[in-house]
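Asker: Here it is: the structure, laid out below.
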Protein chains: 2
Amino acid sequence: MPGYGFSGYFCGESFLPVTPSSDHLHPAVSRPEPAVLQQRLAAAGLRATHQRILILESLLVLPGHPTAEQVHRQVMANTPTVSLGTVYKTLDSFVEVGLTKRVASADAQCRRYDSDCSEHHHLYCTDTKEIIDYCNPQLDALIRDFFAKQGLENFQPHSFSLHIAGTRVS
Amino acid sequence: MPGYGFSGYFCGESFLPVTPSSDHLHPAVSRPEPAVLQQRLAAAGLRATHQRILILESLLVLPGHPTAEQVHRQVMANTPTVSLGTVYKTLDSFVEVGLTKRVASADAQCRRYDSDCSEHHHLYCTDTKEIIDYCNPQLDALIRDFFAKQGLENFQPHSFSLHIAGTRVS
DNA sequence: ATGCTTGCAAACTCTTTGCACACCA
DNA sequence: TGGTGTGCAAAGAGTTTGCAAGCAT
């Protein structure tokens with residue numbers, strides 16, 4: 001499976017590269033064309049402002065699951081006048097229209113965003129607090145089959161995500 | 001399966017009862033004896049102060065996944081002098097020694113705690129923002145088998161939890 | 001031109017911290 | 001009694017809000 005990448009990050013300030021190591025990897029993001037971003041915004045029913053294009057680009061380009069703060073910093077590298085408040089408002093509307101997702105985390109002190117809206121799972125390293133994307137269609141099929149056969153009463157599932165806590169090993 | 005209960009709550013202020021409806025339910029909590037709580041604290045290596053006993057009791061008694069604020073309110077009903085700061089500090093130490101867990105939630109504005117440290121899953125209702133506990137040993141076995149057969153490279157899983165988003169249906 | 005978006009700053013919520021006093025072991 | 005835990009209040013971090021000015025359609 002060529003063209004696949006692996007993303008990871010640390011909860012603190014620093015970003016760490018994560019070595020490709022598994023068969024269950026994520027599509028690498030190539031720098032998106034402004035025109036494409038503009039189109040995605042329009043398709044989502046949002047006005048394509050300069051700020052929104054920058055914020056969407058930052059989301060797609062940043063590794064892992066950035067905070068509003070980290071998105072802001074990335075945006076500022078290009079256009080230093082964009083305010084943090086705008087980043088918050090924009091991320092909210094992106095979530096609303098499905099351009100991004102919020103990532104669930106048990107010990108989160110702040111919200112994290114995930115530009116990858118496809119279904120995937122998360123590995124939590126309890127040592128380093130790292131969150132690593134994990135996708136495995138076989139696993140998805142397994143779980144989906146399970147619920148198809150013996151479904152949930154009184155609950156219509158739309159999507160699921162497995163949170164696996166553990167430790168990274170070299 | 002007698003003696004089983006079902007817990008649910010709303011993200012806002014109000015609590016709603018959730019009708020028992022599924023086969024995959026959670027043990028109902030009976031009001032714990034202070035002596036037992038004291039023992040659990042001691043076993044966890046914590047001093048059994050009045051406040052800690054109250055907070056542990058509140059955690060066990062409150063339905064769903066209470067916030068620090070909700071725990072505090074519950075504690076105050078018994079002893080109105082306990083401070084919110086103490087509740088925070090205490091919940092932190094409880095998490096540290098494994099007496100409680102933090103619950104992951106994508107759109108959490110504040111931390112939620114779960115006194116049920118056994119492995120279980122969560123149903124998120126996207127309409128009502130309700131979080132419903134769900135446990136199903138068959139599902140657990142299925143997932144565990146899957147990882148036993150084709151494990152994760154470079155990652156040693158300790159526990160997992162499935163987050164199922166969807167909508168409640170009557 | 002109209003109305004959605006932005007920047008700014010203040011306000012707000014949740015959580016942490018420092019310190020003197022209190023209390024468990 | 002010694003050292004940990006608590007209450008209080010202030011500070012800190014993250015997020016939201018209100019409003020005038022700016023910009024996309």
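Ordered as shown in the structure tokens, chains take letters A, B, and onward, while each chain numbers its residues from 1 and ligands are numbered from 1 in the order shown.
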Please, which residues in chain D fall within 9 Å of region 2-22 of chain C when counting only C-alpha atoms (C1' of nucleotides), and what is the closest atom pair and distance in Å to one decimal for each, ordered by chain then residue number, as a tab-separated table?
Answerer:
```
residue	atom	partner	partner_atom	distance
D:DG5	C1'	C:DA22	C1'	8.3
D:DT6	C1'	C:DA22	C1'	7.2
D:DG7	C1'	C:DC21	C1'	8.7
D:DA10	C1'	C:DT17	C1'	8.8
D:DA11	C1'	C:DT17	C1'	7.7
D:DG12	C1'	C:DT16	C1'	7.2
D:DA13	C1'	C:DT15	C1'	8.0
D:DG14	C1'	C:DC14	C1'	8.4
D:DT15	C1'	C:DT13	C1'	8.0
D:DT16	C1'	C:DC12	C1'	7.2
D:DT17	C1'	C:DA11	C1'	7.7
D:DA21	C1'	C:DT6	C1'	8.5
D:DG22	C1'	C:DT6	C1'	7.0
D:DC23	C1'	C:DT5	C1'	7.6
D:DA24	C1'	C:DC4	C1'	8.3
```
Asker: Near chain C, which residues of chain B fall within 10 Å when you count only C-alpha atoms (C1' of nucleotides), and what do they look like as a list in words?
Answerer: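 Going by the stated atoms only, the list reads Arg47, Ala48, Thr49, His50, Ala68, Glu69, Gly85, Tyr88, Lys89, Gln109, Cys110 and Arg111 of chain B.
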Asker: For the residues in the current selection, export C-alpha atoms as a PDB file, in the first residue's frame.
Answerer:
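result.pdb, freshly written:
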```pdb
ATOM      1  CA  ARG B  47      -5.428   8.277  53.931  1.00  0.00           C
ATOM      2  CA  ALA B  48      -9.086   7.783  54.701  1.00  0.00           C
ATOM      3  CA  THR B  49     -10.202  11.328  55.406  1.00  0.00           C
ATOM      4  CA  HIS B  50     -13.820  12.314  55.815  1.00  0.00           C
ATOM      5  CA  ALA B  68     -16.127  17.475  39.453  1.00  0.00           C
ATOM      6  CA  GLU B  69     -18.884  20.046  39.927  1.00  0.00           C
ATOM      7  CA  GLY B  85     -10.595  22.481  45.182  1.00  0.00           C
ATOM      8  CA  TYR B  88     -10.410  18.290  42.199  1.00  0.00           C
ATOM      9  CA  LYS B  89      -7.329  17.258  44.163  1.00  0.00           C
ATOM     10  CA  GLN B 109     -16.141  21.155  28.037  1.00  0.00           C
ATOM     11  CA  CYS B 110     -15.036  19.640  31.297  1.00  0.00           C
ATOM     12  CA  ARG B 111     -13.709  16.396  32.651  1.00  0.00           C
TER      13      ARG B 111
END
```
Asker: Which polymer residues have any atom within 12 Å of an atom of region 100-103 of chain A, counting only C-alpha atoms (C1' of nucleotides), with same-chain residues fewer than 4 positions away left out, as a ChimeraX atom specification?
Answerer: /A:40-41,44,55-60,64-68,90-96,107-108,110-124,131-133,161-163 /B:104-109,163
Asker: What residues in region 4-167 of chain A get the DSSP label helix (DSSP H, G or I)? Please answer as a PyMOL selection string.
Answerer: chain A and resi 34-43+50-61+68-78+84-97+137-149
Asker: Would you list, as a list in words, the residues of region 39-138 of chain B that end up in strand (DSSP E or B) under DSSP run on this structure's backbone?
Answerer: Thr67, Lys101, Arg102, Val103, Ser105, Arg112, Tyr113, Asp114, His121, His122, Leu123, Tyr124, Cys125, Ile131, Ile132, Asp133 and Tyr134 of chain B
Asker: Would you kindly return, as number ranges by chain, each protein, DNA or RNA residue with an atom no farther than 6 Å from any atom of Phe155 (chain A), considering only C-alpha atoms (C1' of nucleotides) and excluding same-chain residues fewer than 6 positions away?
Answerer: B: 167-169
Asker: Write out the residues from the selection above, keeping N, CA and C atoms, as a compact mmCIF listing (two decimals), in the first residue's frame.
Answerer:
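Written output follows (result.txt):
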```txt
# COMPACT_ATOMS: atom_id res chain seq x y z
N THR B 167 -27.70 7.54 17.61
CA THR B 167 -28.86 8.19 18.22
C THR B 167 -29.71 7.16 18.95
N ARG B 168 -30.24 7.61 20.06
CA ARG B 168 -31.17 6.75 20.80
C ARG B 168 -32.47 6.69 20.01
N VAL B 169 -33.07 5.53 20.00
CA VAL B 169 -34.38 5.39 19.39
C VAL B 169 -35.32 4.85 20.45
```
Asker: Expressed in Å to a single decimal, how great is the separation between CA of Thr128 (chain B) and CA of Phe160 (chain B)?
Answerer: 24.7 Å
Asker: Quick one: distance from CA of Pro157 (chain A) to CA of Gln138 (chain A) in Å, one decimal?
Answerer: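 So the answer is 18.5 Å.
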Asker: For CA of Leu99 (chain B) and C1' of DG2 (chain D), quote the distance in Å rounded to one decimal.
Answerer: 26.8 Å
Asker: Taking only C-alpha atoms (C1' of nucleotides) into account, what are the residues of chain B at most 8 Å from chain D, put as a PyMOL selection string?
Answerer: chain B and resi 49+82-83+86
